file protein15.pdb (PDB, C-alpha atoms, pLDDT in the B column)
MODEL        1
ATOM      1  CA  MET A  17       0.000   0.000   0.000  1.00 68.00           C
ATOM      2  CA  GLY A  18       2.728   2.496   0.951  1.00 90.00           C
ATOM      3  CA  ALA A  19       4.691   1.978  -2.273  1.00 95.00           C
ATOM      4  CA  THR A  20       1.609   2.566  -4.432  1.00 97.00           C
ATOM      5  CA  ILE A  21       0.792   5.810  -2.629  1.00 96.00           C
ATOM      6  CA  ASN A  22       4.400   7.041  -2.839  1.00 97.00           C
ATOM      7  CA  ILE A  23       4.542   6.374  -6.583  1.00 98.00           C
ATOM      8  CA  MET A  24       1.166   8.086  -7.062  1.00 97.00           C
ATOM      9  CA  LEU A  25       2.407  11.181  -5.218  1.00 97.00           C
ATOM     10  CA  ALA A  26       5.497  11.401  -7.416  1.00 97.00           C
ATOM     11  CA  ALA A  27       3.694  10.559 -10.660  1.00 98.00           C
ATOM     12  CA  VAL A  28       1.030  13.273 -10.468  1.00 97.00           C
ATOM     13  CA  ARG A  29       3.690  15.956 -11.112  1.00 96.00           C
ATOM     14  CA  ALA A  30       6.053  13.900 -13.297  1.00 97.00           C
ATOM     15  CA  GLU A  31       6.118  14.441 -17.066  1.00 97.00           C
ATOM     16  CA  GLY A  32       4.285  11.879 -19.172  1.00 98.00           C
ATOM     17  CA  GLN A  33       2.296   8.843 -18.099  1.00 99.00           C
ATOM     18  CA  THR A  34       3.154   6.520 -15.237  1.00 98.00           C
ATOM     19  CA  VAL A  35       1.563   3.065 -15.183  1.00 98.00           C
ATOM     20  CA  ILE A  36       1.498   1.176 -11.897  1.00 98.00           C
ATOM     21  CA  GLU A  37       0.806  -2.529 -12.341  1.00 98.00           C
ATOM     22  CA  ASN A  38      -0.143  -4.740  -9.404  1.00 97.00           C
ATOM     23  CA  ALA A  39      -1.155  -1.595  -7.508  1.00 98.00           C
ATOM     24  CA  ALA A  40      -2.536  -1.875  -3.999  1.00 96.00           C
ATOM     25  CA  LYS A  41      -6.360  -1.756  -3.943  1.00 96.00           C
ATOM     26  CA  GLU A  42      -6.984  -0.962  -0.282  1.00 95.00           C
ATOM     27  CA  PRO A  43      -9.565   1.718   0.543  1.00 94.00           C
ATOM     28  CA  GLU A  44      -6.790   4.035   1.750  1.00 94.00           C
ATOM     29  CA  VAL A  45      -5.122   3.938  -1.685  1.00 96.00           C
ATOM     30  CA  VAL A  46      -8.427   4.702  -3.412  1.00 97.00           C
ATOM     31  CA  ASP A  47      -9.003   7.560  -0.970  1.00 96.00           C
ATOM     32  CA  VAL A  48      -5.599   9.093  -1.732  1.00 96.00           C
ATOM     33  CA  ALA A  49      -6.359   8.779  -5.465  1.00 97.00           C
ATOM     34  CA  ARG A  50      -9.712  10.534  -4.986  1.00 96.00           C
ATOM     35  CA  PHE A  51      -7.984  13.277  -3.013  1.00 96.00           C
ATOM     36  CA  LEU A  52      -5.327  13.772  -5.690  1.00 97.00           C
ATOM     37  CA  ILE A  53      -8.022  13.835  -8.395  1.00 97.00           C
ATOM     38  CA  SER A  54      -9.845  16.550  -6.436  1.00 96.00           C
ATOM     39  CA  LEU A  55      -6.573  18.527  -6.543  1.00 96.00           C
ATOM     40  CA  GLY A  56      -6.460  18.237 -10.340  1.00 97.00           C
ATOM     41  CA  ALA A  57      -4.486  15.008 -10.811  1.00 98.00           C
ATOM     42  CA  ASP A  58      -5.279  12.777 -13.808  1.00 98.00           C
ATOM     43  CA  ILE A  59      -5.562   9.265 -12.342  1.00 98.00           C
ATOM     44  CA  LYS A  60      -7.454   6.364 -13.908  1.00 98.00           C
ATOM     45  CA  GLY A  61      -8.046   2.908 -12.419  1.00 98.00           C
ATOM     46  CA  ALA A  62      -8.228   3.666  -8.693  1.00 97.00           C
ATOM     47  CA  GLY A  63      -9.359   0.505  -6.922  1.00 96.00           C
ATOM     48  CA  THR A  64      -8.007  -1.773  -9.664  1.00 97.00           C
ATOM     49  CA  SER A  65      -4.625  -3.446 -10.027  1.00 97.00           C
ATOM     50  CA  THR A  66      -3.534  -1.030 -12.789  1.00 98.00           C
ATOM     51  CA  LEU A  67      -3.279   2.726 -12.277  1.00 98.00           C
ATOM     52  CA  LYS A  68      -2.580   5.152 -15.117  1.00 99.00           C
ATOM     53  CA  ILE A  69      -1.390   8.555 -13.988  1.00 98.00           C
ATOM     54  CA  ASN A  70      -0.781  11.417 -16.401  1.00 98.00           C
ATOM     55  CA  GLY A  71       1.445  14.058 -14.880  1.00 98.00           C
ATOM     56  CA  VAL A  72       0.060  17.583 -14.555  1.00 97.00           C
ATOM     57  CA  LYS A  73       1.904  20.892 -14.288  1.00 96.00           C
ATOM     58  CA  HIS A  74      -0.158  22.259 -11.417  1.00 94.00           C
ATOM     59  CA  LEU A  75      -2.401  21.058  -8.617  1.00 95.00           C
ATOM     60  CA  HIS A  76      -4.961  23.266  -6.883  1.00 94.00           C
ATOM     61  CA  GLY A  77      -6.610  23.396  -3.482  1.00 93.00           C
ATOM     62  CA  SER A  78      -9.497  21.188  -2.437  1.00 93.00           C
ATOM     63  CA  GLU A  79     -11.392  19.968   0.598  1.00 93.00           C
ATOM     64  CA  HIS A  80     -11.334  16.297   1.493  1.00 91.00           C
ATOM     65  CA  GLN A  81     -12.618  14.197   4.353  1.00 91.00           C
ATOM     66  CA  VAL A  82     -10.270  11.345   5.228  1.00 87.00           C
ATOM     67  CA  ILE A  83     -11.849   7.897   5.507  1.00 90.00           C
ATOM     68  CA  PRO A  84     -11.926   6.165   8.912  1.00 85.00           C
ATOM     69  CA  ASP A  85      -8.823   4.182   9.846  1.00 84.00           C
ATOM     70  CA  ARG A  86      -9.600   0.442   9.749  1.00 82.00           C
ATOM     71  CA  ILE A  87      -6.567  -0.472  11.842  1.00 84.00           C
ATOM     72  CA  GLU A  88      -7.430   2.022  14.569  1.00 83.00           C
ATOM     73  CA  ALA A  89     -11.018   0.746  14.748  1.00 80.00           C
ATOM     74  CA  GLY A  90      -9.772  -2.846  14.982  1.00 83.00           C
ATOM     75  CA  THR A  91      -7.375  -1.875  17.772  1.00 83.00           C
ATOM     76  CA  TYR A  92     -10.220  -0.461  19.868  1.00 79.00           C
ATOM     77  CA  MET A  93     -12.290  -3.623  19.305  1.00 79.00           C
ATOM     78  CA  CYS A  94      -9.376  -5.805  20.457  1.00 84.00           C
ATOM     79  CA  ILE A  95      -8.865  -3.668  23.574  1.00 79.00           C
ATOM     80  CA  ALA A  96     -12.560  -3.965  24.446  1.00 81.00           C
ATOM     81  CA  ALA A  97     -12.507  -7.732  23.923  1.00 84.00           C
ATOM     82  CA  ALA A  98      -9.332  -8.149  25.994  1.00 87.00           C
ATOM     83  CA  CYS A  99     -10.761  -6.084  28.851  1.00 83.00           C
ATOM     84  CA  GLY A 100     -14.203  -7.659  28.652  1.00 80.00           C
ATOM     85  CA  GLU A 101     -15.733  -4.199  28.415  1.00 72.00           C
ATOM     86  CA  GLU A 102     -18.058  -2.356  26.095  1.00 73.00           C
ATOM     87  CA  ILE A 103     -16.947   0.567  23.943  1.00 70.00           C
ATOM     88  CA  LYS A 104     -18.954   3.175  22.072  1.00 71.00           C
ATOM     89  CA  ASN A 105     -17.679   4.545  18.797  1.00 64.00           C
ATOM     90  CA  LYS A 106     -19.076   7.926  17.777  1.00 66.00           C
TER      91      LYS A 106
ENDMDL
END

call {"tool": "encode", "arguments": {"input": "protein15.pdb", "output": "structure tokens"}}
result
Amino acid sequence: MGATINIMLAAVRAEGQTVIENAAKEPEVVDVARFLISLGADIKGAGTSTLKINGVKHLHGSEHQVIPDRIEAGTYMCIAAACGEEIKNK
């Protein structure tokens, strides 16, 4: 997942087209792609194993809401189970 995101970040401003094969498909990768697209990046194939990224000269501002962290949520569930307690997630 980390390698795919790092390549995406570099590719959005690189000249020409970057193709990432066997790209990570986790929700976090798709979310970063959506964020970059909202900034003006040209990314096709988010959520698939092949990403095609055409470099752009400029990115612009945008608003984006980050998706919930699956690992953090799982950590809280494990803590609750280990302690035999109830937790409330808001």

call {"tool": "resolve_selection", "arguments": {"input": "protein15.pdb", "expression": "the PyMOL selection byres ((chain A and resi 17-25) around 6)", "output": "list in words"}}
result
Ala26, Ala27, Val28, Ala39 and Ala40 of chain A

call {"tool": "residues_around", "arguments": {"input": "protein15.pdb", "residues": "Lys60 in chain A", "least_positions_apart": "5", "cutoff": "7 Å", "atoms": "all atoms listed in the file", "output": "ChimeraX atom specification"}}
result
/A:67-69

call {"tool": "atom_distance", "arguments": {"input": "protein15.pdb", "atom1": "CA of Glu37 in chain A", "atom2": "CA of Gly56 in chain A"}}
result
22.1 Å

call {"tool": "atom_distance", "arguments": {"input": "protein15.pdb", "atom1": "CA of Glu101 in chain A", "atom2": "CA of Ile87 in chain A"}}
result
19.3 Å

call {"tool": "atom_distance", "arguments": {"input": "protein15.pdb", "atom1": "CA of Ala57 in chain A", "atom2": "CA of Asn70 in chain A"}}
result
7.6 Å

call {"tool": "residues_near_point", "arguments": {"input": "protein15.pdb", "point": "(-3.7, 21.1, -8.2)", "cutoff": "9 Å", "atoms": "only C-alpha atoms", "output": "PyMOL selection string"}}
result
chain A and resi 52-57+72-78

call {"tool": "resolve_selection", "arguments": {"input": "protein15.pdb", "expression": "the PyMOL selection byres ((chain A and resi 43) around 10)", "output": "VMD selection string"}}
result
chain A and resid 17 40 to 42 44 to 49 62 to 63 83 to 86

call {"tool": "resolve_selection", "arguments": {"input": "protein15.pdb", "expression": "the PyMOL selection byres ((chain A and resi 80) around 9)", "output": "ChimeraX atom specification"}}
result
/A:50-51,54,78-79,81-82
